[in-house]
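Pasting final-v8.txt here (compact mmCIF, C-alpha atoms):
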```txt
# COMPACT_ATOMS: atom_id res chain seq x y z
CA MET A 1 70.29 102.12 160.33
CA HIS A 2 68.27 104.98 158.85
CA GLU A 3 65.20 103.46 160.53
CA VAL A 4 65.60 106.01 163.34
CA GLY A 5 65.19 108.78 160.77
CA ILE A 6 62.24 106.98 159.19
CA ALA A 7 60.60 106.53 162.61
CA ALA A 8 61.23 110.21 163.39
CA SER A 9 59.57 111.22 160.09
CA ILE A 10 56.54 109.07 160.90
CA LEU A 11 56.29 110.67 164.34
CA GLU A 12 56.59 114.17 162.87
CA SER A 13 53.54 113.44 160.78
CA VAL A 14 51.67 112.04 163.77
CA GLU A 15 52.58 115.10 165.83
CA GLY A 16 51.35 117.32 163.01
CA GLU A 17 48.03 115.46 163.06
CA ALA A 18 47.89 115.75 166.86
CA ARG A 19 48.22 119.53 166.59
CA ARG A 20 45.47 119.64 163.98
CA ARG A 21 43.12 117.56 166.12
CA PRO A 22 43.42 118.73 169.72
CA GLY A 23 41.88 116.49 172.32
CA GLU A 24 41.95 113.33 170.20
CA ARG A 25 43.98 110.35 171.28
CA PHE A 26 45.74 108.16 168.76
CA GLU A 27 46.05 104.44 169.37
CA ALA A 28 48.06 103.41 166.34
CA VAL A 29 49.66 104.62 163.17
CA GLY A 30 49.63 102.34 160.13
CA VAL A 31 52.45 102.31 157.64
CA ARG A 32 53.02 100.44 154.40
CA ILE A 33 56.54 99.28 153.70
CA GLY A 34 57.60 97.73 150.43
CA GLU A 35 60.32 95.13 150.18
CA LEU A 36 62.32 97.48 147.91
CA SER A 37 62.16 100.33 150.42
CA ASN A 38 65.25 99.18 152.31
CA VAL A 39 63.53 99.54 155.64
CA ASP A 40 63.95 96.80 158.20
CA LYS A 41 60.73 96.18 160.09
CA ASP A 42 62.35 95.12 163.37
CA ALA A 43 64.75 98.07 163.39
CA LEU A 44 61.87 100.44 162.62
CA GLU A 45 59.74 99.05 165.44
CA PHE A 46 62.67 99.31 167.83
CA ALA A 47 63.37 102.93 166.82
CA PHE A 48 59.68 103.84 167.01
CA GLU A 49 59.38 102.46 170.53
CA ALA A 50 62.58 104.19 171.63
CA LEU A 51 61.51 107.56 170.20
CA THR A 52 58.02 107.51 171.73
CA ARG A 53 59.05 106.33 175.21
CA ASN A 54 58.38 108.99 177.88
CA THR A 55 56.73 111.30 175.35
CA PRO A 56 53.06 112.24 174.89
CA LEU A 57 52.96 109.57 172.16
CA ALA A 58 54.15 106.78 174.45
CA GLY A 59 52.11 103.64 173.85
CA LEU A 60 51.25 104.54 170.26
CA ARG A 61 51.30 101.31 168.24
CA LEU A 62 53.08 101.04 164.94
CA GLU A 63 51.18 98.79 162.55
CA VAL A 64 53.33 97.71 159.63
CA GLU A 65 51.84 96.30 156.46
CA TRP A 66 54.60 94.60 154.50
CA ARG A 67 54.27 94.83 150.70
CA PRO A 68 55.99 92.47 148.28
CA ARG A 69 57.34 93.66 144.96
CA ARG A 70 54.60 93.62 142.32
CA GLN A 71 54.94 93.67 138.54
CA ARG A 72 52.52 94.23 135.68
CA CYS A 73 52.91 92.32 132.43
CA LEU A 74 53.32 94.72 129.52
CA ASP A 75 51.83 92.15 127.13
CA CYS A 76 48.79 90.69 128.89
CA GLY A 77 48.34 93.14 131.77
CA LYS A 78 48.52 90.49 134.51
CA GLU A 79 49.60 91.92 137.86
CA PHE A 80 51.50 89.62 140.17
CA ALA A 81 53.61 89.51 143.33
CA VAL A 82 57.25 88.64 142.68
CA ARG A 83 58.56 85.46 144.27
CA GLU A 84 62.21 84.51 144.34
CA LEU A 85 63.20 87.37 142.05
CA ASN A 86 61.22 85.94 139.16
CA LEU A 87 59.97 88.91 137.12
CA GLN A 88 58.43 86.74 134.38
CA CYS A 89 54.71 86.98 133.79
CA PRO A 90 53.12 83.85 135.31
CA VAL A 91 50.42 83.85 132.60
CA CYS A 92 52.17 84.48 129.30
CA GLY A 93 55.79 83.96 130.32
CA THR A 94 57.19 87.19 128.90
CA ASP A 95 60.05 89.04 130.60
CA LYS A 96 58.49 92.37 129.65
CA THR A 97 57.00 93.38 132.97
CA SER A 98 57.28 96.62 134.90
CA CYS A 99 57.41 97.30 138.60
CA ILE A 100 54.15 98.61 140.07
CA GLY A 101 54.70 98.05 143.79
CA GLY A 102 57.15 97.23 146.52
CA THR A 103 58.78 100.64 146.95
CA GLU A 104 56.08 101.88 149.36
CA LEU A 105 57.10 103.91 152.37
CA ASP A 106 53.74 105.40 153.24
CA ILE A 107 51.76 106.44 156.26
CA ALA A 108 48.40 104.86 155.58
CA TYR A 109 46.21 105.66 158.56
CA LEU A 110 45.81 106.67 162.19
CA GLU A 111 43.67 104.76 164.65
CA VAL A 112 41.88 107.40 166.68
CA GLU A 113 40.30 106.48 170.00
CA GLU A 114 36.51 106.33 169.74
CA PRO A 115 34.84 109.10 171.69
CA CYS A 116 32.84 107.72 174.60
CA VAL A 117 29.14 107.62 173.72
CA LYS A 118 28.12 108.57 177.27
CA CYS A 119 29.98 111.88 177.29
CA MET B 120 38.13 104.68 164.38
CA ARG B 121 40.46 104.58 161.38
CA GLU B 122 41.38 107.89 159.79
CA VAL B 123 43.02 107.57 156.41
CA LEU B 124 46.18 109.68 156.07
CA GLU B 125 47.86 108.41 152.89
CA LYS B 126 51.08 110.32 152.75
CA LYS B 127 54.68 109.45 152.13
CA VAL B 128 56.76 108.87 155.25
CA LEU B 129 59.46 111.01 153.67
CA SER B 130 57.04 113.62 152.34
CA GLU B 131 59.12 116.51 153.71
CA ASN B 132 62.25 115.20 151.96
CA ASP B 133 60.20 114.57 148.81
CA ARG B 134 58.93 118.17 148.90
CA LEU B 135 62.47 119.57 149.13
CA ALA B 136 63.67 117.16 146.43
CA ALA B 137 60.88 118.36 144.13
CA GLU B 138 62.11 121.94 144.68
CA LEU B 139 65.64 120.88 143.81
CA ARG B 140 64.41 119.07 140.72
CA GLN B 141 62.55 122.18 139.60
CA ARG B 142 65.67 124.29 140.16
CA TYR B 143 67.81 121.85 138.18
CA ARG B 144 65.31 121.90 135.34
CA GLU B 145 65.17 125.69 135.24
CA GLU B 146 68.93 126.09 135.31
CA GLY B 147 69.79 123.15 133.06
CA ILE B 148 71.72 121.30 135.76
CA LEU B 149 72.30 117.58 135.36
CA CYS B 150 72.47 116.18 138.90
CA VAL B 151 73.63 112.60 139.39
CA ASN B 152 73.51 110.86 142.76
CA ILE B 153 76.42 108.43 143.09
CA ILE B 154 75.87 105.60 145.55
CA SER B 155 77.91 102.56 146.59
CA SER B 156 79.33 100.66 149.53
CA PRO B 157 82.26 102.32 151.29
CA GLY B 158 85.40 101.73 149.25
CA SER B 159 83.88 100.91 145.86
CA GLY B 160 85.69 103.81 144.24
CA LYS B 161 83.25 106.73 144.13
CA THR B 162 85.89 109.34 144.86
CA ALA B 163 88.44 107.80 142.49
CA LEU B 164 85.79 107.71 139.76
CA LEU B 165 85.04 111.39 140.35
CA GLU B 166 88.72 112.34 140.38
CA ARG B 167 89.28 110.69 137.03
CA THR B 168 86.02 112.09 135.71
CA LEU B 169 86.85 115.67 136.74
CA ALA B 170 90.28 115.27 135.15
CA SER B 171 88.54 114.43 131.87
CA PHE B 172 86.83 117.82 131.67
CA HIS B 173 88.34 121.18 130.73
CA GLN B 174 88.95 124.03 133.12
CA GLY B 175 86.05 126.39 132.63
CA ASP B 176 83.52 123.60 132.13
CA SER B 177 80.60 124.04 134.45
CA LEU B 178 80.84 121.28 137.06
CA ALA B 179 80.47 121.01 140.80
CA VAL B 180 80.72 118.26 143.39
CA LEU B 181 78.99 117.74 146.72
CA THR B 182 80.58 114.88 148.63
CA GLY B 183 79.09 113.32 151.73
CA ASP B 184 80.84 111.54 154.58
CA LEU B 185 80.18 110.93 158.25
CA GLN B 186 83.45 112.63 159.14
CA THR B 187 86.49 114.36 157.57
CA ASP B 188 86.83 116.57 154.51
CA ASN B 189 89.37 114.19 152.96
CA ASP B 190 87.27 113.59 149.86
CA ALA B 191 86.64 117.27 149.23
CA ARG B 192 90.37 117.93 149.48
CA ARG B 193 91.10 115.13 147.01
CA LEU B 194 88.49 116.44 144.59
CA ALA B 195 89.30 120.15 144.93
CA ARG B 196 92.63 119.60 143.15
CA TYR B 197 90.87 119.51 139.79
CA GLY B 198 89.85 123.17 139.87
CA PHE B 199 86.07 122.78 140.10
CA PRO B 200 83.89 123.87 143.03
CA VAL B 201 83.68 121.09 145.64
CA ARG B 202 81.95 121.04 149.00
CA GLN B 203 82.15 118.46 151.70
CA ILE B 204 78.94 117.58 153.48
CA VAL B 205 79.90 116.17 156.88
CA THR B 206 76.82 114.38 158.12
CA GLY B 207 78.23 113.77 161.60
CA GLY B 208 76.86 110.24 161.76
CA THR B 209 73.88 110.33 159.45
CA CYS B 210 74.22 107.43 157.03
CA HIS B 211 72.86 109.17 153.91
CA LEU B 212 72.42 112.59 152.33
CA ASP B 213 68.96 114.13 152.29
CA ALA B 214 67.44 116.88 150.17
CA ARG B 215 67.77 119.47 152.95
CA MET B 216 71.54 118.96 153.20
CA VAL B 217 71.94 119.21 149.43
CA THR B 218 69.84 122.39 149.26
CA ARG B 219 71.83 124.08 152.00
CA HIS B 220 75.23 123.21 150.58
CA LEU B 221 74.22 124.02 147.03
CA ASP B 222 73.08 127.47 148.20
CA GLU B 223 76.29 128.04 150.12
CA MET B 224 78.41 126.91 147.19
CA GLY B 225 76.53 129.22 144.83
CA PHE B 226 76.73 126.84 141.86
CA ARG B 227 74.54 127.91 138.95
CA GLY B 228 73.62 125.97 135.84
CA PRO B 229 73.82 124.97 133.15
CA GLY B 230 76.29 122.30 134.16
CA ILE B 231 76.75 119.00 135.94
CA LEU B 232 76.38 118.52 139.68
CA PHE B 233 77.92 115.31 140.98
CA VAL B 234 76.60 114.25 144.38
CA GLU B 235 78.79 111.63 146.02
CA ASN B 236 76.57 110.07 148.64
CA VAL B 237 77.73 108.56 151.93
CA GLY B 238 79.21 105.10 151.36
CA ASN B 239 76.20 102.90 152.05
CA LEU B 240 74.07 100.72 149.78
CA VAL B 241 70.97 100.85 151.94
CA CYS B 242 69.85 104.19 153.32
CA PRO B 243 70.77 106.59 150.47
CA SER B 244 68.35 104.76 148.19
CA SER B 245 65.35 106.00 150.20
CA TYR B 246 66.17 109.72 149.93
CA ASP B 247 65.37 111.53 146.71
CA LEU B 248 67.85 114.37 146.13
CA GLY B 249 66.13 115.69 143.01
CA GLU B 250 68.69 113.96 140.82
CA ALA B 251 68.13 113.03 137.18
CA ALA B 252 69.71 109.63 137.83
CA LYS B 253 71.05 107.48 140.59
CA ILE B 254 74.26 105.70 139.69
CA VAL B 255 75.29 102.63 141.66
CA LEU B 256 78.90 101.46 141.77
CA LEU B 257 79.91 97.86 142.36
CA SER B 258 83.60 97.06 142.48
CA VAL B 259 85.14 93.78 141.38
CA THR B 260 86.47 93.16 144.89
CA GLU B 261 82.90 92.78 146.15
CA GLY B 262 80.53 89.88 145.51
CA GLU B 263 78.58 89.37 142.29
CA ASP B 264 75.48 88.84 144.41
CA LYS B 265 75.39 92.35 145.85
CA PRO B 266 72.48 93.36 143.59
CA LEU B 267 70.48 90.50 145.10
CA LYS B 268 71.44 91.44 148.64
CA TYR B 269 70.68 95.15 148.17
CA PRO B 270 67.84 95.17 145.63
CA GLY B 271 66.48 98.61 146.62
CA ILE B 272 69.35 100.59 145.19
CA PHE B 273 69.82 98.43 142.10
CA HIS B 274 66.11 98.80 141.42
CA ARG B 275 66.32 102.60 141.60
CA ALA B 276 69.64 103.19 139.84
CA SER B 277 69.60 104.03 136.13
CA LEU B 278 73.21 103.01 135.64
CA MET B 279 75.45 100.44 137.25
CA LEU B 280 79.16 101.11 137.01
CA LEU B 281 81.38 98.11 137.58
CA THR B 282 84.56 99.65 139.00
CA LYS B 283 88.19 98.59 139.50
CA THR B 284 88.15 96.39 136.39
CA ASP B 285 91.97 96.62 136.28
CA LEU B 286 91.87 94.18 139.22
CA LEU B 287 89.89 91.53 137.34
CA PRO B 288 92.95 89.36 136.59
CA HIS B 289 93.63 89.13 140.33
CA VAL B 290 90.19 88.40 141.74
CA GLU B 291 87.53 85.77 141.19
CA PHE B 292 84.76 88.00 139.97
CA ASN B 293 82.41 87.27 137.09
CA PRO B 294 81.19 90.57 135.58
CA GLN B 295 78.54 88.81 133.51
CA LEU B 296 77.07 87.18 136.62
CA ALA B 297 77.02 90.54 138.45
CA LEU B 298 75.17 92.11 135.52
CA GLU B 299 72.71 89.19 135.33
CA ASN B 300 71.99 89.59 139.03
CA ALA B 301 71.44 93.34 138.64
CA ARG B 302 69.06 92.73 135.74
CA LYS B 303 67.09 90.18 137.77
CA ILE B 304 66.23 93.12 140.01
CA HIS B 305 66.09 95.82 137.33
CA PRO B 306 65.96 94.50 133.75
CA GLU B 307 66.53 97.95 132.18
CA ILE B 308 69.55 98.99 134.25
CA GLU B 309 72.38 100.29 132.07
CA PHE B 310 75.86 98.93 132.60
CA ILE B 311 79.39 100.23 132.02
CA ALA B 312 82.61 98.61 133.29
CA VAL B 313 85.31 101.12 134.23
CA SER B 314 88.72 101.39 135.77
CA SER B 315 89.60 104.72 137.32
CA ARG B 316 93.25 103.69 137.18
CA THR B 317 93.52 102.76 133.50
CA ARG B 318 90.54 104.84 132.23
CA GLU B 319 89.08 101.70 130.69
CA GLY B 320 85.39 102.39 130.01
CA PHE B 321 85.72 106.13 130.55
CA PRO B 322 84.77 107.10 126.99
CA GLU B 323 81.51 105.17 127.45
CA TRP B 324 80.89 106.65 130.90
CA LEU B 325 81.54 110.23 129.74
CA ASN B 326 79.38 109.58 126.71
CA TRP B 327 76.56 108.38 128.97
CA LEU B 328 76.84 111.55 131.06
CA ASN B 329 76.91 113.70 127.95
CA GLY B 330 73.79 112.03 126.58
CA LEU B 331 71.92 112.60 129.83
CA GLN B 332 73.13 116.21 130.02
CA LYS B 333 71.82 116.91 126.53
CA LYS B 334 68.47 115.45 127.52
CA VAL B 335 68.32 117.58 130.68
CA GLN B 336 69.24 120.73 128.79
CA ALA B 337 66.66 120.06 126.10
CA GLU B 338 64.09 119.79 128.92
CA ALA B 339 65.39 123.05 130.41
CA ALA B 340 65.01 124.78 127.05
CA ALA B 341 61.47 123.43 126.74
CA THR B 342 60.64 124.74 130.23
CA VAL B 343 61.90 128.25 129.36
CA SER B 344 60.02 128.43 126.06
```
How does this structure look as structure tokens?
Amino acid sequence: MHEVGIAASILESVEGEARRRPGERFEAVGVRIGELSNVDKDALEFAFEALTRNTPLAGLRLEVEWRPRRQRCLDCGKEFAVRELNLQCPVCGTDKTSCIGGTELDIAYLEVEEPCVKC
Amino acid sequence: MREVLEKKVLSENDRLAAELRQRYREEGILCVNIISSPGSGKTALLERTLASFHQGDSLAVLTGDLQTDNDARRLARYGFPVRQIVTGGTCHLDARMVTRHLDEMGFRGPGILFVENVGNLVCPSSYDLGEAAKIVLLSVTEGEDKPLKYPGIFHRASLMLLTKTDLLPHVEFNPQLALENARKIHPEIEFIAVSSRTREGFPEWLNWLNGLQKKVQAEAAATVS
């Protein structure tokens, strides 16, 4: 239920960008969410829509890239996505792997409307 | 036209948490962020923990709840500075709340700052409070599979405290299975089983705190020199 706060933080960043770039129109904001981030995609989308409705950012799309947990093998260096909680290296079978991804909660990009070539 | 932004969603919280972390390092404060479901025994653990220290030891507690100052009143009986953070509905503590209440409380290091987060296994895990360690509590009246259901917090916690172990004879709970599940998510997580009623496991828990405090103070000394 903290997705409302997460959505509000995303929108604060977008508003900050909007102030820095007067006259530009944003079509979408892209975020990366890792499976260990404890953010529910549906709840975030719902909160985002609710918080932008009837505001200057109404209609802004939220594009969510979902990231699985990733580990790196400390023995052979193999990097792999974790499936069904199995942290073992798929190449050499060791348990000695460390987490390198899946905790993301990042704002990756803004889609800015292309300026019209005629004007 | 795609414009790359690349920033943390919670960058403002992260900035304030970094300030807190710097302050803790300079003052030699060990801050631990205690997180669990509602009713897993965070406040009871803190009561028994505070009772294990001497008057005059440098300790403070910030305790978060949606409503009431019941926990602060329970904890204030032990003679150490305690402040209630009433979030008024917010399901977690953030770095801004901690900064404000720490300033108002006027606690200075060196010492230990216990932060009792709002009872919730989900949201508090996203908000860095500048702590040296997150501690997750799981009580024996819950399910052994909680680490699998709430991997985010078990992944981030340095220590898992299994609480209410005095109830083990009365419940069907397999501590070994709970630990195995936690280590599926976080192989290096440390583990101590405690009972705040009988004090079982308290020597180990206090020893763990003491070890971390020494480490933090050695870092503080290194920062000064």
- Task: Within 12 Å of chain A, which residues of chain B are there when counting only C-alpha atoms? Please give them as a ChimeraX atom specification.
- Result: /B:120-133,208-213,239-246,266-275,299-307
- Please provide the set of residues having any atom within 9 Å of Gly183 of chain B, restricted to all atoms listed in the file, with same-chain residues fewer than 5 positions apart removed, written as number ranges by chain. B: 188, 190-191, 202-206, 211-212, 234-238
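Going from atom CA of Pro294 of chain B over to atom CA of Gly320 of chain B, you cover 13.7 Å.
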- Query: Mind pulling up the distance from atom CA of Leu221 of chain B to atom CA of Glu138 of chain B?
  - Reply: 12.5 Å
